[in-house]
Each structure stands twice: as structure tokens, then as C-alpha cells.
Amino acid sequence: MATTTISTNIVRQRLQKNMSDLNTADYAQLAQQIRHIALKAGAKIMEIYRQDITVAHKADNSPVTIADEAGEKIIIDGLEKLSVQYPIIAEESVNAGHIPEVGTKFWLVDPLDGTKEFINKNGEFTVNIALIENGSPSIGVVYAPAMGNIYLATSPATATVETLTPAGDWTDPAPLIVRPAPTDGLTAVASRSHRDAQTDAYLEKFNIKELRSAGSSLKFCLVAAGEADLYPRFGPTMEWDTGAGHAVLKAAGGTVMTPEGQVFTYGKADYRNGFFIAAGRDIL
């Protein structure tokens, strides 16, 4: 895979300035670095995935495994070597009470999105890293290690996907572009673990040809890849659940809005999302 010639030190120096100083090549270099971090975390998570999985529960009764914690440690270590001046909002650290103050730029990390899918061993879980700038995701990576796909927003307007071959090599990056609304009906995607009546009621407003289920942030990626058109979410989520998938979809030409049509933003006081609708082109 081709890489830019900008050194890590130069990227660090520029990151210490205003993020608006970065050009497209700088974004691409930074995206490749978080890609590498996600791959490393994913490798560790897959080691644990192949073993018997011990499940604990957080205060809200959601499941957590040692894979969540091990993956997050790898990601935080990698990000701190990359750009220590940006706060890191990571799921397990926040749940442990480690919540740094943030400004207009910060990292969002979900080391294992789709823990239920991980426990059930259906492969639909992801490693997620996103950079938030002024309330919006600019670059991000969604890595599905069990499925062998990695989705990358290399800038606010460029997204790609790579697939792991049987020989263990990654394919060249293929562009991700949302498709126009199909004239014969839309394909909607909904959560495998959190489907609800409000989602079904919302979908009745559209001509839905097919309804697919998927776990984790893969739902954003299906829309980004033109395999689906609409992903409504009326259940609770946190910002780290959506940041990376939002980055990929946005870079592929899609949108994420509130049901009322407002811009979906990040950096809320408790990092708790409201409802949202993710969509391809000419849907909303």
C-alpha cells in the first residue's frame, strides 16, 4: 500500500498547531497511523475471541470482556505516542471514571463495539477510532477483524475499504461512495441487538424493499459502501459508538442527522447521543 512521505514527527508538529493547518496528505498520513493502531488492537482482540470468553457486567448491566480492556490499552498507548496533546475519550476509561477535559479536538475510542456480537461469536464487532474536530468527525477507522474488512475515512471527504485475502494480504483500498436512492425501494439496516418498535414505525415512512440486520458500527459502513440506504437509531448510544462509523459515512458522501433534521454533533457533556438517522444520498 502506498504511503505519503510525510514523517511522523512532521505530523506531530502540525497536530500541535491548529488542525485546520493540515492538508489532505497530512490527514491521509494520520489516518494510516490510526489504521495501524486499529489493526494491532484487532489482533489482540482476535486472540481472545478464539478462546473461551469470560463476561463481566458494568454498572448499567452492559457486558464487558478482557478484550474490551486489552484493545483499549493498545489504542490509547498508540494514540498517546501519536498526538498526546489531544484528549482521548475511550469507553472503558470513561466507565472507570477517567474523563479528561476536551476542547474542540479530541479522539473517540470504542475498542470493541458490538460486545454482544463478540460474545455470541457472530463476527459482527468492530474496533473504532475517530478524530472529532469542532463537533464533527474528520477521520476515522472501523475495523472488523473477524470479517476481514477495514473501513477508513482518510479525510473528511475520502473513504476507502480494504479486505483481507485468504493469503493474509490486504487488498488495495477501494473507494467508498454512497449510492443514490434506488427507484425500486430502499434497503434499511437496523441493529441486530437493539431493534425497537420506534425504528419500525419510522421505516414505515419510506418505501423499504429490504431490511437487513447488522451489529456494531458496521451499519454505518453498509450505507457508506452503497449496500444499504438508511440506518435509523432510536435507542441509546454513546459518542464512541458512532464517531468512527459517522466519519466513514460522511467521507463517503452520506449524512447523519437527528430525526428533526438537525446536525448530529459530538462533545456533549456526558458523551451520550440522542436519536439519529444515518442515510445515503437523496434519502432525507
# chains A, B, ... in the order shown; residues from 1 in each chain; ligands from 1

$ residues_around --residues "Ala247 (chain A)" --least-positions-apart "4" --cutoff "12 Å" --atoms "only C-alpha atoms" --output "NGL selection string"
:A and (31 or 108 or 128-133 or 135-142 or 151-160 or 176 or 217 or 220-221 or 224 or 239-243 or 251-256 or 264-266 or 278)

$ residues_around --residues "Gly215 (chain A)" --least-positions-apart "2" --cutoff "8 Å" --atoms "only C-alpha atoms" --output "list in words"
Gly114, Glu117, Glu124, Phe125, Ser191, Arg192, Ser193, Ser213, Ser217, Leu218 and Lys219 of chain A

$ write_last_selection --atoms "C-alpha atoms" --output "compact mmCIF listing (two decimals), in the first residue's frame"
# COMPACT_ATOMS: atom_id res chain seq x y z
CA GLY A 114 -20.62 -4.94 19.48
CA GLU A 117 -21.76 -9.93 18.91
CA GLU A 124 -20.04 -8.52 13.73
CA PHE A 125 -17.90 -6.46 16.08
CA SER A 191 -29.32 -3.08 14.95
CA ARG A 192 -29.14 -6.83 15.47
CA SER A 193 -29.22 -6.45 19.26
CA SER A 213 -29.72 -6.60 10.46
CA SER A 217 -20.77 0.31 13.64
CA LEU A 218 -20.93 -1.94 10.57
CA LYS A 219 -24.36 -0.44 9.91

$ residues_around --residues "region 65-75 of chain A" --least-positions-apart "5" --cutoff "8 Å" --atoms "only C-alpha atoms" --output "list in words"
Ile37, Ala38, Lys40, Ala41, Gly42, Lys44, Ile45, Ile48, Tyr49, Ile53, Thr54, Val55, Ala56, Ala90, Glu92, Val109, Asp110, Pro111, Leu112 and Thr115 of chain A

$ write_last_selection --atoms "N, CA and C atoms" --output "short mmCIF file (atom, residue, chain, number, x, y, z; two decimals), in the first residue's frame"
data_model
loop_
_atom_site.label_atom_id
_atom_site.label_comp_id
_atom_site.auth_asym_id
_atom_site.auth_seq_id
_atom_site.Cartn_x
_atom_site.Cartn_y
_atom_site.Cartn_z
N ILE A 37 -2.89 1.29 14.35
CA ILE A 37 -3.26 1.08 15.75
C ILE A 37 -4.47 0.16 15.84
N ALA A 38 -5.46 0.37 14.98
CA ALA A 38 -6.66 -0.48 15.00
C ALA A 38 -6.32 -1.92 14.65
N LYS A 40 -3.51 -3.45 15.21
CA LYS A 40 -2.82 -4.03 16.37
C LYS A 40 -3.83 -4.40 17.46
N ALA A 41 -4.77 -3.52 17.73
CA ALA A 41 -5.80 -3.82 18.73
C ALA A 41 -6.67 -4.99 18.28
N GLY A 42 -7.00 -5.01 16.99
CA GLY A 42 -7.82 -6.09 16.46
C GLY A 42 -7.15 -7.44 16.58
N LYS A 44 -5.08 -8.40 18.91
CA LYS A 44 -5.20 -8.83 20.30
C LYS A 44 -6.62 -9.31 20.61
N ILE A 45 -7.60 -8.57 20.11
CA ILE A 45 -8.99 -8.95 20.34
C ILE A 45 -9.28 -10.32 19.74
N ILE A 48 -8.21 -13.25 21.89
CA ILE A 48 -9.16 -13.53 22.97
C ILE A 48 -10.44 -14.15 22.41
N TYR A 49 -10.85 -13.72 21.22
CA TYR A 49 -12.06 -14.22 20.56
C TYR A 49 -12.01 -15.73 20.34
N ILE A 53 -14.68 -17.11 26.45
CA ILE A 53 -14.79 -15.70 26.82
C ILE A 53 -15.49 -15.56 28.17
N THR A 54 -14.82 -14.89 29.09
CA THR A 54 -15.41 -14.59 30.39
C THR A 54 -16.07 -13.21 30.33
N VAL A 55 -17.31 -13.14 30.74
CA VAL A 55 -18.08 -11.90 30.63
C VAL A 55 -18.35 -11.31 32.02
N ALA A 56 -18.06 -10.02 32.16
CA ALA A 56 -18.45 -9.27 33.36
C ALA A 56 -19.51 -8.26 32.95
N ALA A 90 -12.30 7.40 25.74
CA ALA A 90 -12.37 5.98 25.43
C ALA A 90 -13.38 5.31 26.36
N GLU A 92 -13.98 2.37 27.96
CA GLU A 92 -13.71 1.71 29.23
C GLU A 92 -13.07 2.67 30.23
N VAL A 109 -12.81 6.71 21.15
CA VAL A 109 -12.35 5.33 21.01
C VAL A 109 -13.38 4.37 21.58
N ASP A 110 -13.78 3.42 20.75
CA ASP A 110 -14.54 2.26 21.22
C ASP A 110 -13.73 1.04 20.79
N PRO A 111 -13.03 0.41 21.72
CA PRO A 111 -12.12 -0.67 21.34
C PRO A 111 -12.82 -1.91 20.84
N LEU A 112 -14.07 -2.10 21.28
CA LEU A 112 -14.83 -3.29 20.88
C LEU A 112 -16.30 -2.93 20.84
N THR A 115 -20.04 -5.74 21.68
CA THR A 115 -19.57 -6.75 22.63
C THR A 115 -20.50 -7.97 22.65
#

$ closest_residue --among "A:Arg233, A:Arg212, A:Lys250, A:Lys121" --to "Ile177 (chain A)" --atoms "only C-alpha atoms"
A:Lys250

$ residues_around --residues "region 201-203 of chain A" --least-positions-apart "6" --cutoff "10 Å" --atoms "only C-alpha atoms" --output "PDB file with C-alpha atoms, in the first residue's frame"
ATOM      1  CA  LEU A 186     -34.593   1.383  -0.137  1.00  0.00           C
ATOM      2  CA  ALA A 188     -32.630  -0.243   5.527  1.00  0.00           C
ATOM      3  CA  LEU A 211     -34.420  -4.786   5.806  1.00  0.00           C
ATOM      4  CA  LEU A 230     -30.923   4.093   5.651  1.00  0.00           C
ATOM      5  CA  TYR A 231     -29.981   3.367   9.254  1.00  0.00           C
ATOM      6  CA  PRO A 232     -32.299   4.850  11.907  1.00  0.00           C
ATOM      7  CA  ARG A 233     -31.359   4.526  15.565  1.00  0.00           C
ATOM      8  CA  PHE A 234     -33.863   5.340  18.299  1.00  0.00           C
ATOM      9  CA  PRO A 259     -34.778  12.801  13.445  1.00  0.00           C
ATOM     10  CA  ILE A 277     -30.747   8.831  11.230  1.00  0.00           C
TER      11      ILE A 277
END

$ select_by_dssp --residues "region 91-147 of chain A" --states "strand (DSSP E)" --output "PyMOL selection string"
chain A and resi 105-113+126-133+136-144

$ write_last_selection --atoms "C-alpha atoms" --output "short mmCIF file (atom, residue, chain, number, x, y, z; two decimals), in the first residue's frame"
data_model
loop_
_atom_site.label_atom_id
_atom_site.label_comp_id
_atom_site.auth_asym_id
_atom_site.auth_seq_id
_atom_site.Cartn_x
_atom_site.Cartn_y
_atom_site.Cartn_z
CA LYS A 105 -10.43 18.42 19.05
CA PHE A 106 -10.32 15.00 20.68
CA TRP A 107 -10.19 11.29 19.98
CA LEU A 108 -13.17 9.00 20.41
CA VAL A 109 -12.35 5.33 21.01
CA ASP A 110 -14.54 2.26 21.22
CA PRO A 111 -12.12 -0.67 21.34
CA LEU A 112 -14.83 -3.29 20.88
CA ASP A 113 -18.14 -2.09 19.50
CA THR A 126 -15.53 -3.62 15.33
CA VAL A 127 -12.58 -1.56 16.56
CA ASN A 128 -13.37 2.16 16.31
CA ILE A 129 -11.18 5.26 16.42
CA ALA A 130 -12.32 8.74 15.33
CA LEU A 131 -10.91 12.23 15.47
CA ILE A 132 -13.50 14.87 16.34
CA GLU A 133 -12.99 18.46 15.22
CA SER A 136 -17.79 16.67 13.75
CA PRO A 137 -15.75 13.55 12.90
CA SER A 138 -12.99 14.26 10.39
CA ILE A 139 -11.10 10.98 10.08
CA GLY A 140 -11.79 7.53 11.46
CA VAL A 141 -11.29 3.80 11.22
CA VAL A 142 -13.78 0.97 11.61
CA TYR A 143 -12.02 -2.39 11.66
CA ALA A 144 -13.99 -5.66 11.66
#

$ select_by_dssp --residues "region 181-270 of chain A" --states "alpha helix (DSSP H)" --output "MDAnalysis selection string"
chainID A and resid 197:203 218:224 239:251

$ write_last_selection --atoms "N, CA and C atoms" --output "PDB file, in the first residue's frame"
ATOM      1  N   ALA A 197     -39.641  -0.876  18.373  1.00  0.00           N
ATOM      2  CA  ALA A 197     -40.860  -0.522  17.657  1.00  0.00           C
ATOM      3  C   ALA A 197     -40.772   0.863  17.036  1.00  0.00           C
ATOM      4  N   GLN A 198     -40.037   1.777  17.675  1.00  0.00           N
ATOM      5  CA  GLN A 198     -39.914   3.131  17.140  1.00  0.00           C
ATOM      6  C   GLN A 198     -39.169   3.117  15.815  1.00  0.00           C
ATOM      7  N   THR A 199     -38.166   2.253  15.709  1.00  0.00           N
ATOM      8  CA  THR A 199     -37.445   2.105  14.443  1.00  0.00           C
ATOM      9  C   THR A 199     -38.393   1.602  13.362  1.00  0.00           C
ATOM     10  N   ASP A 200     -39.183   0.589  13.675  1.00  0.00           N
ATOM     11  CA  ASP A 200     -40.119   0.043  12.694  1.00  0.00           C
ATOM     12  C   ASP A 200     -41.130   1.098  12.252  1.00  0.00           C
ATOM     13  N   ALA A 201     -41.597   1.910  13.202  1.00  0.00           N
ATOM     14  CA  ALA A 201     -42.565   2.956  12.864  1.00  0.00           C
ATOM     15  C   ALA A 201     -41.944   4.000  11.940  1.00  0.00           C
ATOM     16  N   TYR A 202     -40.684   4.351  12.204  1.00  0.00           N
ATOM     17  CA  TYR A 202     -40.007   5.324  11.347  1.00  0.00           C
ATOM     18  C   TYR A 202     -39.856   4.787   9.931  1.00  0.00           C
ATOM     19  N   LEU A 203     -39.478   3.538   9.801  1.00  0.00           N
ATOM     20  CA  LEU A 203     -39.234   2.953   8.484  1.00  0.00           C
ATOM     21  C   LEU A 203     -40.509   2.872   7.644  1.00  0.00           C
ATOM     22  N   LEU A 218     -20.847  -1.442  11.943  1.00  0.00           N
ATOM     23  CA  LEU A 218     -20.925  -1.942  10.571  1.00  0.00           C
ATOM     24  C   LEU A 218     -22.133  -1.378   9.837  1.00  0.00           C
ATOM     25  N   LYS A 219     -23.167  -0.983  10.553  1.00  0.00           N
ATOM     26  CA  LYS A 219     -24.357  -0.441   9.908  1.00  0.00           C
ATOM     27  C   LYS A 219     -24.029   0.845   9.149  1.00  0.00           C
ATOM     28  N   PHE A 220     -23.209   1.711   9.740  1.00  0.00           N
ATOM     29  CA  PHE A 220     -22.761   2.907   9.023  1.00  0.00           C
ATOM     30  C   PHE A 220     -22.001   2.521   7.748  1.00  0.00           C
ATOM     31  N   CYS A 221     -21.168   1.495   7.869  1.00  0.00           N
ATOM     32  CA  CYS A 221     -20.306   1.105   6.756  1.00  0.00           C
ATOM     33  C   CYS A 221     -21.099   0.492   5.612  1.00  0.00           C
ATOM     34  N   LEU A 222     -22.192  -0.210   5.921  1.00  0.00           N
ATOM     35  CA  LEU A 222     -23.044  -0.742   4.867  1.00  0.00           C
ATOM     36  C   LEU A 222     -23.657   0.387   4.044  1.00  0.00           C
ATOM     37  N   VAL A 223     -24.068   1.460   4.718  1.00  0.00           N
ATOM     38  CA  VAL A 223     -24.597   2.608   3.985  1.00  0.00           C
ATOM     39  C   VAL A 223     -23.477   3.286   3.188  1.00  0.00           C
ATOM     40  N   ALA A 224     -22.310   3.426   3.807  1.00  0.00           N
ATOM     41  CA  ALA A 224     -21.176   4.061   3.119  1.00  0.00           C
ATOM     42  C   ALA A 224     -20.763   3.285   1.875  1.00  0.00           C
ATOM     43  N   GLU A 239     -21.195   8.501  22.242  1.00  0.00           N
ATOM     44  CA  GLU A 239     -20.468   9.086  21.120  1.00  0.00           C
ATOM     45  C   GLU A 239     -19.406   8.148  20.564  1.00  0.00           C
ATOM     46  N   TRP A 240     -18.749   7.373  21.440  1.00  0.00           N
ATOM     47  CA  TRP A 240     -17.717   6.465  20.939  1.00  0.00           C
ATOM     48  C   TRP A 240     -18.317   5.328  20.124  1.00  0.00           C
ATOM     49  N   ASP A 241     -19.624   5.075  20.276  1.00  0.00           N
ATOM     50  CA  ASP A 241     -20.284   4.061  19.455  1.00  0.00           C
ATOM     51  C   ASP A 241     -20.421   4.505  18.000  1.00  0.00           C
ATOM     52  N   THR A 242     -20.507   5.803  17.779  1.00  0.00           N
ATOM     53  CA  THR A 242     -20.890   6.313  16.460  1.00  0.00           C
ATOM     54  C   THR A 242     -19.812   7.111  15.738  1.00  0.00           C
ATOM     55  N   GLY A 243     -18.816   7.626  16.469  1.00  0.00           N
ATOM     56  CA  GLY A 243     -17.875   8.578  15.869  1.00  0.00           C
ATOM     57  C   GLY A 243     -17.161   8.050  14.634  1.00  0.00           C
ATOM     58  N   ALA A 244     -16.587   6.848  14.717  1.00  0.00           N
ATOM     59  CA  ALA A 244     -15.810   6.319  13.597  1.00  0.00           C
ATOM     60  C   ALA A 244     -16.707   5.963  12.415  1.00  0.00           C
ATOM     61  N   GLY A 245     -17.838   5.304  12.692  1.00  0.00           N
ATOM     62  CA  GLY A 245     -18.764   4.976  11.613  1.00  0.00           C
ATOM     63  C   GLY A 245     -19.311   6.222  10.939  1.00  0.00           C
ATOM     64  N   HIS A 246     -19.606   7.247  11.738  1.00  0.00           N
ATOM     65  CA  HIS A 246     -20.058   8.527  11.197  1.00  0.00           C
ATOM     66  C   HIS A 246     -18.981   9.128  10.296  1.00  0.00           C
ATOM     67  N   ALA A 247     -17.727   9.055  10.721  1.00  0.00           N
ATOM     68  CA  ALA A 247     -16.638   9.597   9.915  1.00  0.00           C
ATOM     69  C   ALA A 247     -16.570   8.912   8.556  1.00  0.00           C
ATOM     70  N   VAL A 248     -16.685   7.582   8.548  1.00  0.00           N
ATOM     71  CA  VAL A 248     -16.625   6.837   7.292  1.00  0.00           C
ATOM     72  C   VAL A 248     -17.807   7.188   6.393  1.00  0.00           C
ATOM     73  N   LEU A 249     -19.009   7.210   6.959  1.00  0.00           N
ATOM     74  CA  LEU A 249     -20.190   7.518   6.153  1.00  0.00           C
ATOM     75  C   LEU A 249     -20.152   8.934   5.608  1.00  0.00           C
ATOM     76  N   LYS A 250     -19.775   9.869   6.445  1.00  0.00           N
ATOM     77  CA  LYS A 250     -19.674  11.263   5.999  1.00  0.00           C
ATOM     78  C   LYS A 250     -18.675  11.405   4.858  1.00  0.00           C
ATOM     79  N   ALA A 251     -17.506  10.753   4.997  1.00  0.00           N
ATOM     80  CA  ALA A 251     -16.478  10.846   3.962  1.00  0.00           C
ATOM     81  C   ALA A 251     -16.911  10.170   2.667  1.00  0.00           C
TER      82      ALA A 251
END

$ atom_distance --atom1 "CA of Leu82 (chain A)" --atom2 "CA of Thr104 (chain A)"
17.9 Å

$ atom_distance --atom1 "CA of Gly185 (chain A)" --atom2 "CA of Ala214 (chain A)"
19.3 Å

$ atom_distance --atom1 "CA of Gly274 (chain A)" --atom2 "CA of Asn95 (chain A)"
18.9 Å

$ closest_residue --among "A:Ile119, A:Val178, A:Ala28, A:Ile208" --to "Glu227 (chain A)" --atoms "only C-alpha atoms"
A:Val178

$ residues_around --residues "Thr165 (chain A)" --least-positions-apart "5" --cutoff "12 Å" --atoms "only C-alpha atoms" --output "PyMOL selection string"
chain A and resi 147-149+170-172

$ write_last_selection --atoms "N, CA and C atoms" --output "compact mmCIF listing (two decimals), in the first residue's frame"
# COMPACT_ATOMS: atom_id res chain seq x y z
N MET A 147 -14.25 -10.33 10.32
CA MET A 147 -14.79 -10.34 8.96
C MET A 147 -13.73 -9.99 7.92
N GLY A 148 -12.58 -9.45 8.40
CA GLY A 148 -11.51 -9.12 7.48
C GLY A 148 -11.76 -7.90 6.64
N ASN A 149 -12.44 -6.90 7.21
CA ASN A 149 -12.69 -5.64 6.49
C ASN A 149 -12.23 -4.48 7.35
N TRP A 170 -3.75 -7.53 2.42
CA TRP A 170 -4.85 -6.60 2.28
C TRP A 170 -4.99 -6.17 0.83
N THR A 171 -6.21 -6.12 0.34
CA THR A 171 -6.45 -5.61 -1.00
C THR A 171 -6.10 -4.12 -1.05
N ASP A 172 -5.91 -3.59 -2.24
CA ASP A 172 -5.72 -2.15 -2.38
C ASP A 172 -6.99 -1.43 -1.91
